[in-house]
Amino acid sequence: MKLLALDTATEACSVALSVDGEIIERFELAPRRHTELILPMAESVLAEAGLGLRDIDLFAFGAGPGSFTGLRIAAGVVQGLALGLDRPVVPVCTLETLAEGARRRGMLKGVDIVLAAIDARMSEVYWAECRPDATGRMRKRAPARVEAAASVSVAGTGPVAGVGSGWASYADALGHASAGRVGVVDADALPRAVDMLELALSAWEQGQALPAEAAQPVYVRNHVADIPPTPDLSRLSGR
Amino acid sequence: MRVLGIESSCDETGVALYDTERGLLAHALYSQVDLHALYGGVVPELASRDHVRRIAPLLREVFLQAGIDFGAVDGVAYTAGPGLMGALMVGAAVAKGLGTAWSVPSLGVHHMEAHLLAPFLEPDAPAFPFVALLVSGGHTLLVDVVGLGSYRVLGESIDDAAGEAFDKTAKLMGLGYPGGAALAQLAAEGGPGALSFPRPMLDRPGCDFSFSGLKTAALHALARARQEPSLRLADVAWAFEEAVVETLVVKSERALELAGRDRLVVAGGVGANQRLRARLRERLGARGACVHYPRIAFCTDNGAMVALVGALRLAQGERDADSGFRTRPRWSLAELQVPKGA
Ligand SMILES: Nc1ncnc2c1ncn2[C@@H]1O[C@H](COP(=O)(O)OP(=O)(O)OP(=O)(O)O)[C@@H](O)[C@H]1O
């Protein structure tokens, strides 16, 4: 199984290639340079593996939540790649990716619950509570939400780990949301394509891969503009 | 050479296939006009969200229409600017993904160059050189088109674009958004009367335009119409349209003279305006010059013109340096160059 994963959901830009479990990755902090870097990075991991794009069986991308423009860069590029090569895609949740990163970095010794939170600006966070599923992958308990950090709540008992930029901006409110059960926190953590690989593979094994056109961002914040009241025509006469 | 073109610079998603030997093979468009009409103007974030949903089905559609295998192209072109940053990025991202997947060259093209060359999509295409009058919702330009990549801007709007002026005035009149066509329709019922709108910058030499003052004039006229029942809204529309049309015609005449050309090409959504067409025919005819229009579907934003310009330039060996891409929300026509191979 050859899987290529791309992520441009935050200021980080990353790709990861998994070839039957062998992993090659690229990761760069690249604010506003994602469009210049993402495909060259993909080509560079392929070159290192001695493969061509045609050898890829499955594409994964960071679907969100995250920067709207960033989500569309990864979704657009992956749509193009997957349409062009007629391969399936797996959208991967950015918050689960952060939780997987915490697991990979060994942050979760004796911890089962990860509160992943990304600063959503406008005094809100994108957040999800993630726990290991039957295979040990970090999965969110409910769909990701966007709201004030004060509205976040974590269920159950036991220690909680915090990851993501939401913890940099709203550490107190998020700590409160976890009822004082917060142990380790990594507020600098950024989503990284290498942490999407196992999530994507297990989704694929469960038949959850999608056709290319379904490579769509998951914005979570869906209200972006107000519809104005219609203009009052009654004051105009003479028609 | 067969090229796929993708346009996503504003509120239209356009995809097309163009062949340098056989001409236009297929084109498909999704317009978001109804979506933005609710908001009284284009909402950039919503435009970007729609592009990323619409583009893949349009891609499949053009290959089906053309009856060729999906991906059987020699290059991919996309609008790299000018336009809305987020919207441009969607088309560029998909185009670069496709070009990389198919291992064919890709090229970011200039949206306004595509408009300038759109007449070449038609069988009765004009020959170089000509003067182009580009009148759309976002642009008002007079350009001396010497050849591919050789453009001299003779004049442009220093404030609102002609289409923008139509739309703003239509909004003031309660005609919805974008109301340019509705305003023109209403004007057809009106006639000359007590009203006269200023003819912005006609008294000044050169080919620049200014349309923002017309909005103020329209406000005053509408206030008057509310007091004087004899002054019909249709007459206000007529007078407004007259001012825009006359200004465009006079400046076009000047531009032809300045550049020493006898062919005018009109592109952009306002080019659909019937009074503008009639007036140009009459006035340019009188001086022995001719006017060309691409069909209306290629006057407004579309993928066909992008595929065309991409094909012309890719055929000369021009291409993006690598799979990385850059979009340019602001990008002057004057920066364009004749392709090296030409
Ligand atoms: N019959 C008409 N008379 C006057 N204006 C019209 C008419 N029909 C359409 N328009 C105007 O044309 C404009 C749309 O044209 P077009 O699609 O070329 O521009 P755009 O996409 O807004 O701008 P750009 O191409 O510069 O990004 C709108 O402003 C619309 O009101």
# chains A, B, ... in the order shown; residues from 1 in each chain; ligands from 1
$ residues_near_ligand --ligand "ligand 1" --cutoff "8 Å" --atoms "only C-alpha atoms and all ligand atoms" --output "ChimeraX atom specification"
/B:9-12,82-83,111-112,115,135-140,162-167,177-185,241,267-274,299-301
$ interface_residues --of "chain B" --to "chain A" --cutoff "7 Å" --atoms "only C-alpha atoms" --output "ChimeraX atom specification"
/B:38-39,52,56,71,86,89-90,93-98,101-102,174,226,229,231-233,323-326
$ select_by_dssp --residues "stretch 43-139 of chain B" --states "helix (DSSP H, G or I)" --output "ChimeraX atom specification"
/B:44-66,85-102,111-121
$ closest_residue --among "B:Ile55, B:Met201, B:Leu17, B:Glu7" --to "B:Asp69" --atoms "only C-alpha atoms"
B:Leu17
$ residues_around --residues "B:Ile158" --least-positions-apart "4" --cutoff "8 Å" --atoms "only C-alpha atoms" --output "ChimeraX atom specification"
/B:208-210
$ write_last_selection --atoms "all heavy atoms" --output "mmCIF file, in the first residue's frame"
data_model
loop_
_atom_site.group_PDB
_atom_site.id
_atom_site.type_symbol
_atom_site.label_atom_id
_atom_site.label_comp_id
_atom_site.auth_asym_id
_atom_site.auth_seq_id
_atom_site.Cartn_x
_atom_site.Cartn_y
_atom_site.Cartn_z
ATOM 1 N N ASP B 208 -8.438 57.819 -20.226
ATOM 2 C CA ASP B 208 -8.824 57.327 -18.903
ATOM 3 C C ASP B 208 -10.310 57.574 -18.654
ATOM 4 O O ASP B 208 -10.915 58.460 -19.251
ATOM 5 C CB ASP B 208 -7.988 57.988 -17.810
ATOM 6 C CG ASP B 208 -6.580 57.396 -17.767
ATOM 7 O OD1 ASP B 208 -6.384 56.292 -18.320
ATOM 8 O OD2 ASP B 208 -5.682 58.044 -17.197
ATOM 9 N N PHE B 209 -10.858 56.774 -17.748
ATOM 10 C CA PHE B 209 -12.265 56.882 -17.398
ATOM 11 C C PHE B 209 -12.413 57.185 -15.915
ATOM 12 O O PHE B 209 -11.537 56.880 -15.117
ATOM 13 C CB PHE B 209 -12.988 55.553 -17.638
ATOM 14 C CG PHE B 209 -12.876 55.016 -19.024
ATOM 15 C CD1 PHE B 209 -11.842 54.155 -19.369
ATOM 16 C CD2 PHE B 209 -13.817 55.346 -19.976
ATOM 17 C CE1 PHE B 209 -11.751 53.634 -20.647
ATOM 18 C CE2 PHE B 209 -13.741 54.830 -21.259
ATOM 19 C CZ PHE B 209 -12.702 53.971 -21.594
ATOM 20 N N SER B 210 -13.571 57.751 -15.565
ATOM 21 C CA SER B 210 -13.946 57.870 -14.158
ATOM 22 C C SER B 210 -15.451 57.719 -14.090
ATOM 23 O O SER B 210 -16.179 58.446 -14.751
ATOM 24 C CB SER B 210 -13.519 59.230 -13.613
ATOM 25 O OG SER B 210 -14.229 59.495 -12.423
#
$ residues_around --residues "B:Leu264" --least-positions-apart "2" --cutoff "10 Å" --atoms "only C-alpha atoms" --output "ChimeraX atom specification"
/B:126,129-133,142-145,252-253,255-256,261-262,266-267,280,284,289-293
$ closest_residue --among "A:Leu46, A:Ala134, A:Leu17, A:Leu58" --to "A:Val194" --atoms "only C-alpha atoms"
A:Leu17
$ residues_around --residues "B:Ala66" --least-positions-apart "2" --cutoff "7 Å" --atoms "only C-alpha atoms" --output "number ranges by chain"
B: 25-26, 62-64, 68
$ select_by_dssp --residues "stretch 66-145 of chain A" --states "strand (DSSP E)" --output "ChimeraX atom specification"
/A:89-93,113-119,125-132,138-140,145
$ write_last_selection --atoms "C-alpha atoms" --output "JSON list (two decimals), in the first residue's frame"
[["chain", "number", "residue", "atom", "x", "y", "z"],
["A", 89, "VAL", "CA", -8.91, 10.05, -1.33],
["A", 90, "VAL", "CA", -9.31, 10.16, 2.43],
["A", 91, "PRO", "CA", -10.05, 13.48, 4.13],
["A", 92, "VAL", "CA", -8.36, 13.53, 7.57],
["A", 93, "CYS", "CA", -9.48, 15.63, 10.53],
["A", 113, "ILE", "CA", -8.14, 11.85, 26.49],
["A", 114, "VAL", "CA", -6.76, 14.56, 24.23],
["A", 115, "LEU", "CA", -8.43, 17.92, 24.00],
["A", 116, "ALA", "CA", -7.28, 19.19, 20.60],
["A", 117, "ALA", "CA", -7.98, 22.87, 20.03],
["A", 118, "ILE", "CA", -6.97, 25.25, 17.24],
["A", 119, "ASP", "CA", -7.31, 29.00, 17.58],
["A", 125, "VAL", "CA", -11.54, 27.66, 19.07],
["A", 126, "TYR", "CA", -12.05, 24.67, 16.81],
["A", 127, "TRP", "CA", -12.01, 21.72, 19.14],
["A", 128, "ALA", "CA", -12.62, 18.04, 19.59],
["A", 129, "GLU", "CA", -12.10, 15.55, 22.36],
["A", 130, "CYS", "CA", -10.16, 12.59, 21.01],
["A", 131, "ARG", "CA", -9.73, 9.10, 22.47],
["A", 132, "PRO", "CA", -8.11, 5.93, 21.17],
["A", 138, "MET", "CA", -6.99, 8.85, 18.22],
["A", 139, "ARG", "CA", -10.54, 9.60, 17.10],
["A", 140, "LYS", "CA", -12.87, 12.41, 18.09],
["A", 145, "ARG", "CA", -17.03, 22.33, 16.90]]
$ residues_around --residues "stretch 217-223 of chain B" --least-positions-apart "6" --cutoff "10 Å" --atoms "only C-alpha atoms" --output "JSON, numbers by chain"
{"A": [235, 236, 237], "B": [168, 169, 170, 172, 173, 195, 196, 197, 198, 231, 232, 233, 235, 236, 237, 239, 240]}
$ residues_around --residues "A:Met196" --least-positions-apart "6" --cutoff "9 Å" --atoms "only C-alpha atoms" --output "NGL selection string"
:A and (5-7 or 16 or 60-62 or 92-94 or 96-98 or 100-101)
$ closest_residue --among "B:Pro105, B:Glu113, B:Val3, B:Val146" --to "B:Gly260" --atoms "only C-alpha atoms"
B:Val146
